[in-house]
Amino acid sequence: MELSAFFDKYGELLAQGTVDTVVMVLASTLGAYVIGIVLGTLLTVLGPDGLRPNRVAYSALGWLVNMARSLPFIILLLFIIPVTRVVVGTTLGVPAAVFPLIISAAPFVARMVESSEAEVDRGLIEAASSMGASTWEIIVKVYLHEGLPSLLRGLPIVIITILGYTAMAGTVGAGGLGDIAIRYGYQRYQDDVMFATVIILIIMVQVIQTVCNLLVRVCDKRMRS
C-alpha cells in the first residue's frame, strides 16, 4: 500500500490512538507521582535514619509497596477489574486504563523517591533541624528540593515504563496505540499498521527522553547558581 493511501485509510485512527496514549501516559504519570511522592517520603521519614523512625509502620508500608511492585502489570490489570469498575464506572477505554496504570506505577515512583531522598546530604537535614525547621519544612525544602535532580533523572524511566504498560492495556480494550497494534496489526495480520504503531512509539520515547534530559540540565544549572 502506498504511503498516501495508507494515511488516508489509517491516519485518523493512528492519530486518535496517539492522542489516547498520550492522555493515558500523562494522567497516569501525574497520578503515580502524586501517590509515589507521598509514599516514598513516608518511607524516608519513617525509616531507620528518618526524621520520625517507626520500625512497625516502615515495615508495613514497605511490605505494601513491595507487594504492589511484584505484580506484573497485565495480572494487576485483570485482578483489579472489579475495583476499576467501581472507581471509574467502566472497564473499557482510556479512563479505565488510567486507574490500574497509576496503581502499578506508584510503587516504583515511591521507591525511586525514597532512593533520591536517601542521597540528600545528612548535614543539610541536621542543619535545618538545628535551626528549628519543622518536619514538613525539612521534607519540602530539603528532601524534595535537594532530591529534585535525581527525581527528574528517574522521570523518563517512569514515563517510558508507563508507555509500555499502555500497550499491554490494549489487550483489554483500553484504547491507544497498543489496542490498534493488537486489533489491526496482530489479529488482522496487517503488518503495515503494526509497523506504524512501533514507529510512533519509538518517536514518543525519543521525545520523552530528550525533554527529560533538558529538564535535568536546567534544574541542575538553577540549583548550582
# chains A, B, ... in the order shown; residues from 1 in each chain; ligands from 1

call {"tool": "residues_around", "arguments": {"residues": "Leu152 (chain A)", "least_positions_apart": "6", "cutoff": "8 Å", "atoms": "only C-alpha atoms", "output": "list in words"}}
result
Cys212, Leu215 and Val216 of chain A

call {"tool": "residues_around", "arguments": {"residues": "Ile200 (chain A)", "least_positions_apart": "2", "cutoff": "12 Å", "atoms": "only C-alpha atoms", "output": "mmCIF file with N, CA and C atoms, in the first residue's frame"}}
result
data_model
loop_
_atom_site.group_PDB
_atom_site.id
_atom_site.type_symbol
_atom_site.label_atom_id
_atom_site.label_comp_id
_atom_site.auth_asym_id
_atom_site.auth_seq_id
_atom_site.Cartn_x
_atom_site.Cartn_y
_atom_site.Cartn_z
ATOM 1 N N GLY A 11 -4.750 7.030 8.901
ATOM 2 C CA GLY A 11 -4.198 8.225 9.533
ATOM 3 C C GLY A 11 -5.011 8.710 10.717
ATOM 4 N N LEU A 14 -4.714 6.239 13.657
ATOM 5 C CA LEU A 14 -3.432 6.327 14.349
ATOM 6 C C LEU A 14 -3.314 7.624 15.141
ATOM 7 N N ALA A 15 -3.855 8.707 14.594
ATOM 8 C CA ALA A 15 -3.815 9.992 15.300
ATOM 9 C C ALA A 15 -4.606 9.913 16.599
ATOM 10 N N GLY A 17 -5.318 7.174 18.244
ATOM 11 C CA GLY A 17 -4.602 6.256 19.119
ATOM 12 C C GLY A 17 -3.431 6.925 19.816
ATOM 13 N N THR A 18 -2.743 7.801 19.073
ATOM 14 C CA THR A 18 -1.623 8.541 19.661
ATOM 15 C C THR A 18 -2.104 9.482 20.751
ATOM 16 N N VAL A 19 -3.195 10.198 20.485
ATOM 17 C CA VAL A 19 -3.768 11.104 21.487
ATOM 18 C C VAL A 19 -4.187 10.328 22.729
ATOM 19 N N THR A 21 -3.036 7.507 23.807
ATOM 20 C CA THR A 21 -1.838 7.038 24.502
ATOM 21 C C THR A 21 -1.200 8.159 25.302
ATOM 22 N N VAL A 22 -1.098 9.334 24.699
ATOM 23 C CA VAL A 22 -0.511 10.487 25.395
ATOM 24 C C VAL A 22 -1.334 10.841 26.635
ATOM 25 N N LEU A 163 4.381 4.017 29.351
ATOM 26 C CA LEU A 163 4.079 3.929 27.917
ATOM 27 C C LEU A 163 4.024 2.472 27.470
ATOM 28 N N GLY A 176 -5.800 3.415 22.559
ATOM 29 C CA GLY A 176 -4.419 3.811 22.350
ATOM 30 C C GLY A 176 -3.723 2.990 21.286
ATOM 31 N N LEU A 177 -2.429 3.235 21.128
ATOM 32 C CA LEU A 177 -1.652 2.565 20.090
ATOM 33 C C LEU A 177 -1.540 1.071 20.337
ATOM 34 N N GLY A 178 -1.487 0.670 21.603
ATOM 35 C CA GLY A 178 -1.419 -0.762 21.898
ATOM 36 C C GLY A 178 -2.648 -1.497 21.414
ATOM 37 N N ILE A 180 -4.599 -0.575 18.953
ATOM 38 C CA ILE A 180 -4.556 -0.587 17.484
ATOM 39 C C ILE A 180 -3.608 -1.673 16.997
ATOM 40 N N ALA A 181 -2.431 -1.762 17.631
ATOM 41 C CA ALA A 181 -1.450 -2.772 17.220
ATOM 42 C C ALA A 181 -2.005 -4.175 17.374
ATOM 43 N N VAL A 193 0.216 -1.615 9.722
ATOM 44 C CA VAL A 193 -0.328 -0.911 10.881
ATOM 45 C C VAL A 193 0.551 -1.172 12.103
ATOM 46 N N MET A 194 0.973 -2.412 12.275
ATOM 47 C CA MET A 194 1.859 -2.749 13.377
ATOM 48 C C MET A 194 3.151 -1.946 13.292
ATOM 49 N N PHE A 195 3.713 -1.877 12.094
ATOM 50 C CA PHE A 195 4.962 -1.139 11.883
ATOM 51 C C PHE A 195 4.766 0.345 12.206
ATOM 52 N N ALA A 196 3.640 0.912 11.789
ATOM 53 C CA ALA A 196 3.360 2.331 12.038
ATOM 54 C C ALA A 196 3.263 2.617 13.532
ATOM 55 N N THR A 197 2.591 1.741 14.283
ATOM 56 C CA THR A 197 2.467 1.961 15.729
ATOM 57 C C THR A 197 3.832 1.872 16.406
ATOM 58 N N VAL A 198 4.673 0.953 15.942
ATOM 59 C CA VAL A 198 6.017 0.819 16.520
ATOM 60 C C VAL A 198 6.833 2.088 16.272
ATOM 61 N N ILE A 202 8.382 4.601 19.106
ATOM 62 C CA ILE A 202 9.818 4.909 19.154
ATOM 63 C C ILE A 202 10.038 6.420 19.177
ATOM 64 N N ILE A 203 9.295 7.139 18.335
ATOM 65 C CA ILE A 203 9.403 8.601 18.306
ATOM 66 C C ILE A 203 9.003 9.188 19.650
ATOM 67 N N MET A 204 7.937 8.671 20.230
ATOM 68 C CA MET A 204 7.477 9.168 21.531
ATOM 69 C C MET A 204 8.532 8.955 22.608
ATOM 70 N N VAL A 205 9.175 7.798 22.603
ATOM 71 C CA VAL A 205 10.223 7.512 23.585
ATOM 72 C C VAL A 205 11.383 8.482 23.434
ATOM 73 N N GLN A 206 11.792 8.748 22.182
ATOM 74 C CA GLN A 206 12.897 9.676 21.947
ATOM 75 C C GLN A 206 12.550 11.083 22.414
ATOM 76 N N VAL A 207 11.331 11.508 22.163
ATOM 77 C CA VAL A 207 10.893 12.845 22.592
ATOM 78 C C VAL A 207 10.880 12.933 24.115
#

call {"tool": "residues_around", "arguments": {"residues": "Ser116 (chain A)", "least_positions_apart": "3", "cutoff": "9 Å", "atoms": "only C-alpha atoms", "output": "count of residues only"}}
result
13

call {"tool": "select_by_dssp", "arguments": {"residues": "region 9-217 of chain A", "states": "alpha helix (DSSP H)", "output": "PyMOL selection string"}}
result
chain A and resi 9-46+55-70+73-79+81-88+93-118+122-130+135-138+145-169+176-180+191-217

call {"tool": "closest_residue", "arguments": {"among": "A:Phe79, A:Pro72, A:Pro156, A:Glu117", "to": "Lys141 (chain A)", "atoms": "only C-alpha atoms"}}
result
A:Glu117

call {"tool": "residues_around", "arguments": {"residues": "Ile159 (chain A)", "least_positions_apart": "4", "cutoff": "9 Å", "atoms": "only C-alpha atoms", "output": "CSV table (one decimal) with C-alpha atoms, in the first residue's frame"}}
result
chain,number,residue,atom,x,y,z
A,25,VAL,CA,0.6,8.4,29.9
A,26,LEU,CA,0.3,11.9,31.2
A,28,SER,CA,-1.1,8.1,34.9
A,29,THR,CA,2.4,9.7,35.4
A,154,GLY,CA,14.1,8.9,37.0
A,155,LEU,CA,11.2,10.6,35.3
A,163,LEU,CA,4.1,3.9,27.9
A,164,GLY,CA,4.9,0.2,27.6
A,205,VAL,CA,10.2,7.5,23.6
A,208,ILE,CA,10.3,11.9,26.2

call {"tool": "residues_around", "arguments": {"residues": "Gly62 (chain A)", "least_positions_apart": "2", "cutoff": "12 Å", "atoms": "only C-alpha atoms", "output": "list of chain:residue names"}}
result
A:Leu39, A:Gly40, A:Thr41, A:Leu42, A:Leu43, A:Thr44, A:Leu46, A:Gly47, A:Asn54, A:Arg55, A:Val56, A:Ala57, A:Tyr58, A:Ser59, A:Ala60, A:Leu64, A:Val65, A:Asn66, A:Met67, A:Ala68, A:Arg69, A:Pro107, A:Phe108, A:Ala110, A:Arg111, A:Glu114

call {"tool": "residues_around", "arguments": {"residues": "Tyr165 (chain A)", "least_positions_apart": "6", "cutoff": "9 Å", "atoms": "only C-alpha atoms", "output": "VMD selection string"}}
result
chain A and resid 73 to 74 101 178
